[in-house]
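Enquirer: You'll find input-v3.txt just under this line, and it carries compact mmCIF, C-alpha atoms.
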# COMPACT_ATOMS: atom_id res chain seq x y z
CA MET A 260 -67.59 101.33 23.84
CA SER A 261 -66.47 100.55 20.30
CA GLU A 262 -66.82 97.20 18.58
CA LYS A 263 -63.08 96.63 18.83
CA GLN A 264 -63.18 97.00 22.61
CA GLN A 265 -66.13 94.66 22.98
CA MET A 266 -64.33 91.73 21.36
CA GLN A 267 -63.42 89.26 24.09
CA ARG A 268 -59.78 88.18 24.30
CA ARG A 269 -60.40 84.50 25.06
CA LEU A 270 -58.29 82.68 22.46
CA LYS A 271 -55.27 81.07 24.09
CA SER A 272 -51.99 80.33 22.32
CA ARG A 273 -52.91 76.67 21.81
CA HIS A 274 -56.23 77.71 20.25
CA ILE A 275 -54.54 80.04 17.76
CA GLU A 276 -51.75 77.58 16.90
CA LEU A 277 -54.13 74.68 16.34
CA MET A 278 -56.53 76.94 14.41
CA ALA A 279 -53.85 77.71 11.84
CA LEU A 280 -52.69 74.08 11.80
CA GLY A 281 -56.30 72.99 11.35
CA GLY A 282 -56.76 75.32 8.40
CA THR A 283 -53.46 74.38 6.77
CA ILE A 284 -52.87 70.66 7.37
CA GLY A 285 -55.81 69.07 5.64
CA THR A 286 -56.91 66.75 2.90
CA GLY A 287 -54.02 67.89 0.71
CA LEU A 288 -51.65 65.93 2.93
CA PHE A 289 -53.83 62.95 3.81
CA LEU A 290 -55.21 62.36 0.31
CA GLY A 291 -53.13 64.42 -2.08
CA ALA A 292 -49.61 63.59 -0.91
CA GLY A 293 -49.25 60.84 -3.51
CA LYS A 294 -49.85 63.26 -6.38
CA GLY A 295 -47.19 65.69 -5.18
CA ILE A 296 -44.66 62.90 -4.70
CA ARG A 297 -45.24 61.56 -8.21
CA VAL A 298 -44.59 65.00 -9.69
CA ALA A 299 -41.25 65.70 -7.96
CA GLY A 300 -40.17 62.53 -6.16
CA PRO A 301 -38.08 63.03 -2.99
CA SER A 302 -37.14 66.55 -4.11
CA ILE A 303 -40.58 67.67 -2.95
CA LEU A 304 -39.07 67.69 0.55
CA LEU A 305 -36.76 70.52 -0.54
CA ALA A 306 -39.74 72.38 -2.03
CA TYR A 307 -41.55 72.12 1.32
CA LEU A 308 -38.46 73.31 3.19
CA ILE A 309 -38.03 76.37 0.95
CA THR A 310 -41.73 77.23 1.06
CA GLY A 311 -41.84 76.73 4.81
CA ILE A 312 -38.98 79.18 5.33
CA VAL A 313 -40.75 81.73 3.10
CA CYS A 314 -44.02 81.29 5.00
CA PHE A 315 -42.16 81.77 8.28
CA GLY A 316 -40.99 85.12 6.88
CA ILE A 317 -44.59 86.03 5.99
CA MET A 318 -45.71 85.11 9.49
CA ARG A 319 -42.99 87.19 11.15
CA ALA A 320 -43.92 90.20 9.00
CA LEU A 321 -47.55 89.63 9.94
CA GLY A 322 -46.71 89.37 13.63
CA GLU A 323 -44.73 92.59 13.60
CA LEU A 324 -47.66 94.41 11.96
CA LEU A 325 -50.19 93.06 14.47
CA LEU A 326 -48.08 93.98 17.50
CA SER A 327 -47.48 97.49 16.19
CA ASP A 328 -51.06 98.34 17.21
CA LEU A 329 -53.04 96.09 19.56
CA ASN A 330 -56.26 97.78 18.44
CA TYR A 331 -56.05 96.03 15.07
CA ARG A 332 -58.93 93.58 14.60
CA SER A 333 -56.97 91.80 11.87
CA PHE A 334 -54.10 92.28 9.45
CA MET A 335 -56.51 94.04 7.05
CA GLU A 336 -56.44 97.12 9.25
CA ALA A 337 -52.65 97.19 9.04
CA ILE A 338 -52.90 96.97 5.24
CA ARG A 339 -55.38 99.84 5.33
CA ASP A 340 -53.04 101.99 7.42
CA TYR A 341 -49.95 101.43 5.31
CA LEU A 342 -51.28 100.72 1.79
CA GLY A 343 -54.51 102.71 1.82
CA PRO A 344 -58.25 101.92 1.91
CA ARG A 345 -58.45 100.88 -1.75
CA ILE A 346 -55.88 98.09 -1.49
CA SER A 347 -57.39 97.13 1.87
CA PHE A 348 -60.82 96.94 0.22
CA VAL A 349 -59.58 94.70 -2.58
CA THR A 350 -57.56 92.46 -0.26
CA GLY A 351 -60.31 92.20 2.35
CA TRP A 352 -63.13 91.21 0.01
CA ALA A 353 -60.82 88.84 -1.90
CA TYR A 354 -59.84 87.21 1.38
CA TRP A 355 -63.48 86.79 2.44
CA VAL A 356 -64.41 85.18 -0.89
CA CYS A 357 -61.31 82.95 -0.73
CA TRP A 358 -62.39 81.43 2.55
CA LEU A 359 -65.99 81.11 1.39
CA ALA A 360 -64.81 79.11 -1.63
CA LEU A 361 -62.54 76.92 0.50
CA ALA A 362 -65.38 76.28 2.97
CA MET A 363 -67.64 75.28 0.06
CA ALA A 364 -64.98 72.86 -1.13
CA GLU A 365 -64.61 71.41 2.39
CA ILE A 366 -68.32 70.74 2.96
CA THR A 367 -68.43 69.20 -0.50
CA ALA A 368 -65.48 67.01 0.46
CA ILE A 369 -67.20 65.94 3.69
CA GLY A 370 -70.16 64.73 1.66
CA LEU A 371 -67.87 62.73 -0.62
CA TYR A 372 -65.99 61.14 2.30
CA ILE A 373 -69.18 60.19 4.17
CA ARG A 374 -70.46 58.44 1.04
CA ILE A 375 -67.55 55.99 1.32
CA TRP A 376 -69.42 54.59 4.32
CA LEU A 377 -72.97 55.52 3.24
CA PRO A 378 -72.94 55.32 -0.57
CA HIS A 379 -76.68 55.94 -0.94
CA LEU A 380 -76.74 59.13 1.14
CA PRO A 381 -77.17 62.30 -1.00
CA GLN A 382 -73.87 64.16 -1.09
CA TRP A 383 -75.29 67.49 0.09
CA ILE A 384 -76.81 66.23 3.38
CA PRO A 385 -73.57 65.68 5.40
CA GLY A 386 -72.27 69.07 4.30
CA VAL A 387 -75.43 70.89 5.42
CA ILE A 388 -75.49 69.08 8.77
CA THR A 389 -71.82 69.95 9.35
CA LEU A 390 -72.43 73.59 8.44
CA VAL A 391 -75.41 73.93 10.81
CA ILE A 392 -73.48 72.36 13.70
CA PHE A 393 -70.49 74.66 13.23
CA LEU A 394 -72.74 77.69 12.80
CA CYS A 395 -74.29 77.01 16.20
CA LEU A 396 -70.89 76.47 17.81
CA ASN A 397 -69.51 79.69 16.33
CA LEU A 398 -72.47 81.66 17.69
CA ILE A 399 -71.84 80.65 21.31
CA THR A 400 -68.48 82.15 22.34
CA VAL A 401 -65.08 82.37 20.73
CA ASP A 402 -63.48 80.04 23.28
CA VAL A 403 -65.99 77.28 22.41
CA PHE A 404 -64.93 77.63 18.79
CA GLY A 405 -61.28 77.51 19.90
CA GLU A 406 -61.78 74.32 21.91
CA ILE A 407 -63.66 72.52 19.11
CA ASN A 408 -61.02 73.41 16.56
CA PHE A 409 -58.26 72.45 19.00
CA TRP A 410 -59.54 68.88 19.34
CA PHE A 411 -60.27 68.47 15.63
CA ALA A 412 -56.76 69.62 14.75
CA LEU A 413 -55.31 67.38 17.45
CA ILE A 414 -56.76 64.31 15.71
CA LYS A 415 -54.88 65.21 12.52
CA ILE A 416 -51.66 65.85 14.38
CA LEU A 417 -51.90 62.55 16.26
CA ALA A 418 -52.47 60.73 12.97
CA ILE A 419 -49.28 62.26 11.54
CA ILE A 420 -47.27 61.48 14.70
CA ILE A 421 -48.48 57.87 14.63
CA LEU A 422 -47.58 57.60 10.93
CA VAL A 423 -44.05 58.89 11.59
CA ALA A 424 -43.61 56.58 14.59
CA VAL A 425 -44.86 53.55 12.62
CA GLY A 426 -42.59 54.47 9.70
CA ILE A 427 -39.50 54.78 11.90
CA PHE A 428 -40.30 51.40 13.47
CA MET A 429 -40.64 49.87 9.99
CA MET A 430 -37.22 51.21 9.06
CA LEU A 431 -35.65 49.91 12.27
CA ILE A 432 -36.91 46.38 11.63
CA GLN A 433 -36.21 46.71 7.87
CA PHE A 434 -39.82 46.05 7.00
CA LYS A 435 -40.37 44.53 3.56
CA SER A 436 -43.53 45.57 1.72
CA LYS A 437 -45.65 43.25 -0.41
CA GLY A 438 -43.76 44.48 -3.44
CA GLY A 439 -40.48 43.37 -1.87
CA TYR A 440 -39.20 46.88 -1.01
CA VAL A 441 -37.22 47.25 2.20
CA ALA A 442 -37.96 50.31 4.36
CA SER A 443 -34.83 52.44 4.49
CA PRO A 444 -33.75 56.11 4.25
CA ALA A 445 -31.75 55.01 1.20
CA ASN A 446 -35.04 54.87 -0.73
CA LEU A 447 -34.90 58.67 -0.92
CA ILE A 448 -32.06 58.48 -3.45
CA ARG A 449 -32.20 54.86 -4.66
CA TYR A 450 -34.77 55.31 -7.43
CA GLY A 451 -33.45 57.94 -9.81
CA GLY A 452 -31.73 60.09 -7.19
CA PHE A 453 -33.12 62.93 -5.10
CA PHE A 454 -34.32 64.78 -8.24
CA PRO A 455 -35.72 61.85 -10.27
CA THR A 456 -38.03 64.03 -12.39
CA GLY A 457 -35.40 66.70 -12.96
CA LEU A 458 -35.59 70.43 -12.41
CA HIS A 459 -38.90 70.63 -14.28
CA GLY A 460 -40.69 68.29 -11.86
CA PHE A 461 -39.13 70.04 -8.87
CA VAL A 462 -40.29 73.47 -10.08
CA LEU A 463 -43.81 72.23 -10.91
CA SER A 464 -44.20 70.86 -7.38
CA PHE A 465 -44.22 74.38 -5.94
CA GLN A 466 -47.77 75.02 -7.16
CA MET A 467 -48.99 72.17 -4.92
CA VAL A 468 -46.58 72.84 -2.06
CA VAL A 469 -47.47 76.52 -1.75
CA PHE A 470 -51.17 75.72 -1.69
CA ALA A 471 -50.50 73.34 1.21
CA PHE A 472 -49.56 76.38 3.32
CA VAL A 473 -52.71 78.36 2.49
CA GLY A 474 -54.38 79.49 5.71
CA ILE A 475 -51.21 80.00 7.69
CA GLU A 476 -51.96 83.73 7.85
CA MET A 477 -55.21 83.00 9.73
CA VAL A 478 -53.45 84.04 12.94
CA GLY A 479 -53.80 87.58 11.62
CA VAL A 480 -57.60 87.39 11.94
CA THR A 481 -57.47 86.48 15.65
CA ALA A 482 -55.74 89.70 16.78
CA ALA A 483 -58.77 91.19 18.55
CA GLU A 484 -59.61 87.95 20.38
CA ALA A 485 -56.15 86.74 21.39
CA GLU A 486 -55.58 86.43 25.12
CA ASN A 487 -52.56 88.56 26.12
CA PRO A 488 -51.60 89.23 22.46
CA ARG A 489 -48.04 90.42 23.17
CA GLN A 490 -47.22 86.94 24.42
CA VAL A 491 -49.69 84.76 22.51
CA ILE A 492 -49.15 86.09 18.97
CA PRO A 493 -45.32 85.84 18.90
CA LYS A 494 -45.44 82.36 20.46
CA ALA A 495 -48.07 81.14 18.01
CA ILE A 496 -46.27 82.59 15.00
CA ASN A 497 -42.89 81.12 15.96
CA HIS A 498 -44.43 77.69 16.49
CA ILE A 499 -46.90 77.40 13.60
CA ALA A 500 -44.55 77.54 10.61
CA VAL A 501 -42.07 75.19 12.30
CA LEU A 502 -44.77 72.69 13.29
CA ILE A 503 -46.35 72.64 9.83
CA LEU A 504 -42.94 72.22 8.23
CA LEU A 505 -42.02 69.35 10.54
CA PHE A 506 -45.34 67.59 10.03
CA TYR A 507 -45.23 67.81 6.25
CA LEU A 508 -41.53 66.96 5.98
CA GLY A 509 -41.74 64.19 8.58
CA ALA A 510 -44.81 62.51 7.06
CA LEU A 511 -43.64 62.67 3.43
CA ALA A 512 -40.06 61.65 4.24
CA VAL A 513 -41.25 58.59 6.17
CA ILE A 514 -43.63 57.56 3.39
CA MET A 515 -40.87 57.74 0.76
CA CYS A 516 -38.47 55.88 3.04
CA ILE A 517 -40.91 52.98 3.32
CA TYR A 518 -41.98 52.84 -0.33
CA PRO A 519 -40.22 53.92 -3.53
CA TRP A 520 -41.66 57.25 -4.63
CA ASN A 521 -42.58 55.86 -8.06
CA GLN A 522 -44.66 53.07 -6.53
CA LEU A 523 -47.07 55.43 -4.76
CA SER A 524 -50.41 56.03 -6.45
CA PRO A 525 -51.29 59.68 -7.15
CA ASN A 526 -54.97 58.79 -6.69
CA ASN A 527 -54.83 56.99 -3.34
CA SER A 528 -53.75 58.05 0.12
CA PRO A 529 -50.25 56.85 1.07
CA PHE A 530 -51.44 56.96 4.70
CA VAL A 531 -53.80 54.06 3.96
CA LEU A 532 -50.91 52.12 2.43
CA VAL A 533 -48.63 52.59 5.44
CA PHE A 534 -51.25 51.73 8.07
CA ARG A 535 -52.54 48.77 6.08
CA ASP A 536 -49.10 47.24 5.60
CA ALA A 537 -48.38 47.83 9.29
CA GLY A 538 -51.19 45.37 10.01
CA LEU A 539 -53.81 47.91 11.10
CA ARG A 540 -57.24 46.56 10.27
CA GLY A 541 -59.68 48.96 8.71
CA ALA A 542 -56.84 51.30 7.71
CA ALA A 543 -58.93 52.90 4.96
CA SER A 544 -61.80 53.65 7.35
CA ILE A 545 -59.44 55.09 9.97
CA VAL A 546 -57.79 57.40 7.46
CA ASN A 547 -61.23 58.35 6.10
CA PHE A 548 -62.26 59.36 9.63
CA VAL A 549 -59.12 61.48 9.99
CA VAL A 550 -59.77 63.09 6.59
CA ILE A 551 -63.36 63.93 7.59
CA THR A 552 -62.11 65.60 10.79
CA ALA A 553 -59.49 67.43 8.71
CA ALA A 554 -62.17 68.78 6.37
CA ALA A 555 -64.44 69.63 9.31
CA SER A 556 -61.62 71.47 11.06
CA ALA A 557 -60.85 73.49 7.93
CA CYS A 558 -64.56 74.27 7.50
CA ASN A 559 -64.79 75.45 11.12
CA SER A 560 -61.76 77.69 10.62
CA SER A 561 -63.36 79.06 7.46
CA ILE A 562 -66.57 79.99 9.26
CA TYR A 563 -64.60 81.80 11.96
CA THR A 564 -62.45 83.66 9.41
CA THR A 565 -65.28 84.66 7.06
CA GLY A 566 -67.45 85.87 9.95
CA ARG A 567 -64.73 88.08 11.43
CA MET A 568 -63.63 89.36 8.05
CA LEU A 569 -67.16 90.28 6.94
CA ALA A 570 -67.72 92.06 10.25
CA GLU A 571 -64.58 94.10 9.72
CA LEU A 572 -65.37 94.88 6.10
CA THR A 573 -68.83 96.23 6.97
CA ALA A 574 -67.91 98.03 10.21
CA ASP A 575 -67.05 101.29 8.45
CA ALA A 576 -69.74 101.14 5.77
CA HIS A 577 -71.55 104.40 5.00
CA ARG A 578 -74.99 102.75 4.99
CA PRO A 579 -76.34 101.92 8.49
CA ALA A 580 -78.04 98.73 7.23
CA ILE A 581 -74.72 97.35 6.03
CA GLN A 582 -72.91 98.58 9.11
CA LYS A 583 -75.28 96.56 11.32
CA ILE A 584 -73.77 93.36 9.91
CA SER A 585 -70.68 94.01 12.01
CA GLN A 586 -72.58 94.33 15.31
CA LEU A 587 -71.63 91.93 18.06
CA SER A 588 -74.07 89.68 19.87
CA LYS A 589 -74.45 89.53 23.65
CA ARG A 590 -71.77 86.82 23.58
CA ALA A 591 -69.33 89.21 21.87
CA VAL A 592 -69.56 87.32 18.56
CA PRO A 593 -70.25 88.98 15.16
CA ALA A 594 -73.34 86.78 14.83
CA ARG A 595 -74.91 88.45 11.79
CA ALA A 596 -71.66 88.28 9.83
CA VAL A 597 -71.23 84.61 10.76
CA VAL A 598 -74.81 83.75 9.72
CA ILE A 599 -74.50 85.59 6.38
CA SER A 600 -71.20 83.84 5.64
CA CYS A 601 -72.73 80.45 6.45
CA LEU A 602 -75.72 81.14 4.18
CA VAL A 603 -73.32 81.84 1.29
CA ILE A 604 -71.31 78.72 2.10
CA GLY A 605 -74.59 76.79 2.18
CA LEU A 606 -75.03 77.52 -1.54
CA ALA A 607 -72.54 74.70 -2.02
CA ALA A 608 -75.28 72.26 -1.02
CA ILE A 609 -77.48 73.50 -3.87
CA LEU A 610 -74.58 73.47 -6.32
CA ASN A 611 -73.80 69.88 -5.32
CA MET A 612 -77.18 68.86 -6.70
CA VAL A 613 -76.90 70.67 -10.03
CA MET A 614 -73.19 71.00 -10.82
CA PRO A 615 -70.29 68.53 -11.03
CA SER A 616 -67.64 68.45 -8.29
CA GLY A 617 -65.00 69.63 -10.78
CA VAL A 618 -66.42 73.14 -10.45
CA PHE A 619 -65.32 73.20 -6.83
CA THR A 620 -61.82 72.12 -7.75
CA PHE A 621 -61.62 75.04 -10.13
CA VAL A 622 -63.13 77.51 -7.63
CA SER A 623 -60.73 76.40 -4.90
CA SER A 624 -57.84 76.81 -7.36
CA ILE A 625 -58.88 80.43 -7.91
CA ALA A 626 -59.15 80.95 -4.16
CA THR A 627 -55.74 79.53 -3.37
CA THR A 628 -54.18 81.52 -6.22
CA SER A 629 -55.64 84.66 -4.64
CA PHE A 630 -53.71 83.95 -1.45
CA LEU A 631 -50.46 84.73 -3.25
CA PHE A 632 -51.66 88.32 -3.73
CA ILE A 633 -52.88 88.53 -0.13
CA TRP A 634 -49.49 87.39 1.17
CA ALA A 635 -47.82 89.95 -1.10
CA ALA A 636 -50.05 92.68 0.38
CA ILE A 637 -48.94 91.69 3.91
CA ILE A 638 -45.29 91.97 2.89
CA ALA A 639 -45.86 95.28 1.10
CA ALA A 640 -47.58 96.68 4.22
CA HIS A 641 -44.67 95.49 6.34
CA LEU A 642 -42.16 97.23 4.06
CA ARG A 643 -44.11 100.48 4.33
CA TYR A 644 -44.38 100.08 8.12
CA ILE A 645 -40.65 99.61 8.75
CA LYS A 646 -39.93 102.60 6.52
CA GLN A 647 -42.47 104.91 8.18
CA CYS A 648 -42.21 103.74 11.80
CA PRO A 649 -38.68 102.41 12.45
CA GLU A 650 -38.85 103.57 16.08
CA LYS A 651 -42.00 101.49 16.83
CA ARG A 652 -40.60 98.14 15.72
CA GLN A 653 -40.88 95.11 18.04
CA PHE A 654 -40.92 91.38 17.35
CA LYS A 655 -38.82 92.31 14.34
CA MET A 656 -38.85 90.23 11.18
CA PRO A 657 -35.31 88.81 10.86
CA GLY A 658 -33.28 90.36 8.05
CA ALA A 659 -35.92 92.90 6.98
CA PRO A 660 -36.23 94.57 4.53
CA LEU A 661 -34.06 92.14 2.52
CA THR A 662 -36.16 89.17 3.62
CA ASP A 663 -39.32 91.02 2.52
CA TYR A 664 -37.94 91.37 -1.00
CA LEU A 665 -36.89 87.71 -1.03
CA VAL A 666 -40.45 86.68 -0.08
CA LEU A 667 -41.88 88.86 -2.86
CA ALA A 668 -39.40 87.31 -5.34
CA PHE A 669 -40.53 83.84 -4.28
CA LEU A 670 -44.21 84.74 -4.74
CA ALA A 671 -43.41 86.09 -8.21
CA PHE A 672 -41.62 82.82 -8.98
CA VAL A 673 -44.73 80.85 -7.98
CA LEU A 674 -46.86 82.99 -10.30
CA VAL A 675 -44.52 82.01 -13.15
CA VAL A 676 -44.88 78.35 -12.17
CA LEU A 677 -48.68 78.70 -12.29
CA CYS A 678 -48.36 79.68 -15.94
CA MET A 679 -46.75 76.33 -16.75
CA GLU A 680 -49.92 74.23 -16.38
CA ARG A 681 -53.21 74.88 -18.18
CA GLN A 682 -55.56 74.49 -15.20
CA THR A 683 -53.51 76.73 -12.90
CA LEU A 684 -52.99 79.25 -15.71
CA GLU A 685 -56.75 79.50 -16.22
CA ALA A 686 -57.22 79.94 -12.46
CA LEU A 687 -54.56 82.66 -12.43
CA ILE A 688 -56.20 84.53 -15.31
CA LEU A 689 -59.62 84.45 -13.64
CA THR A 690 -58.01 85.54 -10.37
CA LEU A 691 -56.55 88.59 -12.12
CA VAL A 692 -59.99 89.35 -13.61
CA TRP A 693 -61.54 89.02 -10.14
CA PHE A 694 -58.98 91.41 -8.66
CA ALA A 695 -59.58 93.85 -11.52
CA ILE A 696 -63.32 93.85 -10.72
CA LEU A 697 -62.55 94.51 -7.06
CA GLY A 698 -60.13 97.24 -8.13
CA VAL A 699 -62.91 99.04 -9.99
CA ALA A 700 -65.23 98.64 -7.02
CA SER A 701 -62.53 100.07 -4.73
CA LEU A 702 -62.72 103.42 -6.51
CA SER A 703 -65.62 104.20 -4.18
CA GLN A 704 -63.16 104.16 -1.28
CA ARG A 705 -61.71 107.56 -0.38
CA GLU A 706 -57.96 107.59 0.15
CA THR A 707 -58.40 110.13 2.92
CA GLU A 708 -60.63 107.87 4.98
I'd like the structure from this file rewritten - as structure tokens, please.
Expert:
Amino acid sequence: MSEKQQMQRRLKSRHIELMALGGTIGTGLFLGAGKGIRVAGPSILLAYLITGIVCFGIMRALGELLLSDLNYRSFMEAIRDYLGPRISFVTGWAYWVCWLALAMAEITAIGLYIRIWLPHLPQWIPGVITLVIFLCLNLITVDVFGEINFWFALIKILAIIILVAVGIFMMLIQFKSKGGYVASPANLIRYGGFFPTGLHGFVLSFQMVVFAFVGIEMVGVTAAEAENPRQVIPKAINHIAVLILLFYLGALAVIMCIYPWNQLSPNNSPFVLVFRDAGLRGAASIVNFVVITAAASACNSSIYTTGRMLAELTADAHRPAIQKISQLSKRAVPARAVVISCLVIGLAAILNMVMPSGVFTFVSSIATTSFLFIWAAIIAAHLRYIKQCPEKRQFKMPGAPLTDYLVLAFLAFVLVVLCMERQTLEALILTLVWFAILGVASLSQRETE
């Protein structure tokens, strides 16, 4: 029996949905929302709406590819079939490294958040402990991983729901903040209008907004382990983009209805501000706990994704020693690939002792920039699929192929936006260099394979 057939289909729809939510809704919302709001003001809501619609298109294209062949272990095999082994090689290894970098950033973040409570604890210790725990959980069975991630993600979702509920209550009673501002939907246009920073600020916000959706394509890595994929995958895909959009839009809209957008600090969490002014004692500690679970959830998703992706990348290797990395354990888990991925992620602990945290910010910027190219590869594979196999289409992407071209145009627009700021431009340049290196390495792949 092949490796594909040995994978156990034990991930339910709720596991897959919460996995993607866990990987996407993270510290960027709980800690970084203030920065995005200060750049664009209320118009950031429109940026999220536009990006959410585009990501829904990406997800539908992804879903159609996955359901075209239930033997696919992930979307990388669809890219291989329709774009060739060289592009699949480049995309696959780039995707693996992306998630490694993000996992490194997350375990680094966990160390920083724990130090808020334990300031004398070395920063690397909490990250290593978290990594070891999740490694053990990922080596058991895939449904254990699914359950753990489900509950971690649920904590984040409950925090957002509570924030929205508290915010609506504040508006109903016309709550007045310490600064004398009355909670009202009118605050969305009262302070400089809906576009207070102009078109320039609105456009710049897309670099942060797009990165907030990174990880949404993770559903495409669960194909071989989804329970009843013809039902689970479409349901998960239709729900995920909508849920993420509602959570981001709902949370940010409520925050800006309670406080003027220009009064929010770009360096502090607006969640702390809302809960504190609502009279919740220990608001900072509560939000810190939620942020730690958010980082832990994203780290857990990263371990799952990197393990499966490395197993797939090495499954067809010509050297038997490399091919063994993809072998499944008795529990139907690619244990060797998971362990190797965790060892690489664990390098972050060493780097934490010898390098400043700013390095991780830069590395994660390169990783998230790479996702733009990965999304483009998914759309390009979908375009080739609908051209070559029109008779096989099911769970059709609405409006294709026009919607495919619109998604590609949007991704090109974001690349232009990345050129407008020095840090993101540097990350983009290094990303292109990284892809060029992978392109040279891909020459070893035979197009006839």
Enquirer: Which residues of region 447-480 of chain A have any atom within 10 Å of an atom in region 559-578 of chain A when counting all atoms listed in the file, and what is the closest pair of atoms for each, with the distance in Å to one decimal? Order the rows by chain and rising number and write it as JSON lines.
Expert:
{"residue": "A:Gly474", "atom": "CA", "partner": "A:Ser560", "partner_atom": "CA", "distance": 9.0}
{"residue": "A:Met477", "atom": "CA", "partner": "A:Thr564", "partner_atom": "CA", "distance": 7.3}
{"residue": "A:Val478", "atom": "CA", "partner": "A:Thr564", "partner_atom": "CA", "distance": 9.7}
{"residue": "A:Gly479", "atom": "CA", "partner": "A:Thr564", "partner_atom": "CA", "distance": 9.8}
{"residue": "A:Val480", "atom": "CA", "partner": "A:Thr564", "partner_atom": "CA", "distance": 6.6}
Enquirer: Print the selection's residues with C-alpha atoms to a file, as an mmCIF file, keeping the file's coordinate frame.
Expert:
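Dumped everything to out_7.cif:
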data_model
loop_
_atom_site.group_PDB
_atom_site.id
_atom_site.type_symbol
_atom_site.label_atom_id
_atom_site.label_comp_id
_atom_site.auth_asym_id
_atom_site.auth_seq_id
_atom_site.Cartn_x
_atom_site.Cartn_y
_atom_site.Cartn_z
ATOM 1 C CA GLY A 474 -54.380 79.490 5.710
ATOM 2 C CA MET A 477 -55.210 83.000 9.730
ATOM 3 C CA VAL A 478 -53.450 84.040 12.940
ATOM 4 C CA GLY A 479 -53.800 87.580 11.620
ATOM 5 C CA VAL A 480 -57.600 87.390 11.940
#
Enquirer: I'd like the contact shell of Met656 (chain A) - 12 Å cut-off, only C-alpha atoms, skipping same-chain residues fewer than 3 positions apart - returned as a list in words.
Expert: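 Counting only C-alpha atoms, the residues come to Val313, Phe315, Gly316, Ile317, Met318, Arg319, Ala320, Leu321, Gly322, Glu323, Leu324, Leu326, Pro493, Ile496, Asn497, Ile638, His641, Leu642, Tyr644, Ile645, Arg652, Gln653, Ala659, Pro660, Leu661, Thr662, Asp663 and Val666 of chain A.
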Enquirer: Do a neighbour search on Phe472 (chain A) at 12 Å with all atoms listed in the file, toss out local chain neighbours closer than 6 positions, and write the hits as an MDAnalysis selection string.
Expert: chainID A and resid 279:285 287:288 306:315 317:318 465:466 499:504 506:507 627:628 630:631 634
Enquirer: Using only C-alpha atoms, which residue out of A:Tyr450, A:Phe534, A:Tyr664, A:Trp383 lies closest to Gly300 (chain A)?
Expert: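 Between A:Tyr450, A:Phe534, A:Tyr664, A:Trp383, the residue approaching Gly300 (chain A) most closely is A:Tyr450.
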Enquirer: Let me make sure I understand: among A:Ile414, A:Ile303, A:Val387, A:Met467, which one has the smallest atom-to-atom distance to Gly291 (chain A) if we use only C-alpha atoms?
Expert: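 Between A:Ile414, A:Ile303, A:Val387, A:Met467, the residue approaching Gly291 (chain A) most closely is A:Met467.
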Enquirer: Can you measure CA of Leu325 (chain A) to CA of Leu667 (chain A) for me? One decimal in Å is fine.
Expert: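 Separating CA of Leu325 (chain A) from CA of Leu667 (chain A) is a distance of 19.7 Å.
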Enquirer: Excluding Val598 (chain A) and residues on its chain fewer than 5 positions from it, collect all residues at most 10 Å away from it, counting only C-alpha atoms, and give them as a list in words.
Expert: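 In the requested format, the answer is Val391, Leu394, Cys395, Asn397, Leu398, Ile562, Thr565, Gly566, Ile584, Pro593, Val603 and Ile604 of chain A.
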Enquirer: Can you write out the residues you just picked, keeping C-alpha atoms, as a short mmCIF file (atom, residue, chain, number, x, y, z; two decimals), keeping the file's coordinate frame?
Expert:
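Result written to part_24.cif:
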data_model
loop_
_atom_site.label_atom_id
_atom_site.label_comp_id
_atom_site.auth_asym_id
_atom_site.auth_seq_id
_atom_site.Cartn_x
_atom_site.Cartn_y
_atom_site.Cartn_z
CA VAL A 391 -75.41 73.93 10.81
CA LEU A 394 -72.74 77.69 12.80
CA CYS A 395 -74.29 77.01 16.20
CA ASN A 397 -69.51 79.69 16.33
CA LEU A 398 -72.47 81.66 17.69
CA ILE A 562 -66.57 79.99 9.26
CA THR A 565 -65.28 84.66 7.06
CA GLY A 566 -67.45 85.87 9.95
CA ILE A 584 -73.77 93.36 9.91
CA PRO A 593 -70.25 88.98 15.16
CA VAL A 603 -73.32 81.84 1.29
CA ILE A 604 -71.31 78.72 2.10
#
Enquirer: Let me make sure I understand: among A:Ala442, A:Ala510, A:Leu687, A:Leu697, which one has the smallest atom-to-atom distance to Ile416 (chain A) if we use all atoms listed in the file?
Expert: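 Ranked by minimum distance to Ile416 (chain A), first place goes to A:Ala510.
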Enquirer: Using all atoms listed in the file, pick whichever of A:Ile407, A:Ile392, A:Ile517, A:Val491 has the shortest atom-to-atom distance to Leu431 (chain A).
Expert: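 Looking only at the distances to Leu431 (chain A), the closest residue turns out to be A:Ile517.
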Enquirer: Just the residues within 8 Å of Thr552 (chain A), please, counting all atoms listed in the file, with nothing from its chain fewer than 4 positions along; format it as a PyMOL selection string.
Expert: chain A and resi 411-412+414-415+548+556
Enquirer: Pick from A:Ala640, A:Cys558, A:Leu371, A:Ala671: nearest to Ser327 (chain A), with all atoms listed in the file counted?
Expert: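 Of all the options, A:Ala640 lies closest to Ser327 (chain A).
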Enquirer: Pick out the residues sitting within 12 Å of Phe348 (chain A), and hand them over as a ChimeraX atom specification; count only C-alpha atoms, and ignore anything fewer than 6 positions along from it in its own chain.
Expert: /A:335-336,338-340,342,354-355,568-569,571-573,575-576,633,636,694,696-706,708
Enquirer: Would you mind telling me which residue in A:Leu505, A:Ile475, A:Val423, A:Val298 lies nearest to Phe530 (chain A) when using all atoms listed in the file?
Expert: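 Between A:Leu505, A:Ile475, A:Val423, A:Val298, the residue approaching Phe530 (chain A) most closely is A:Val423.
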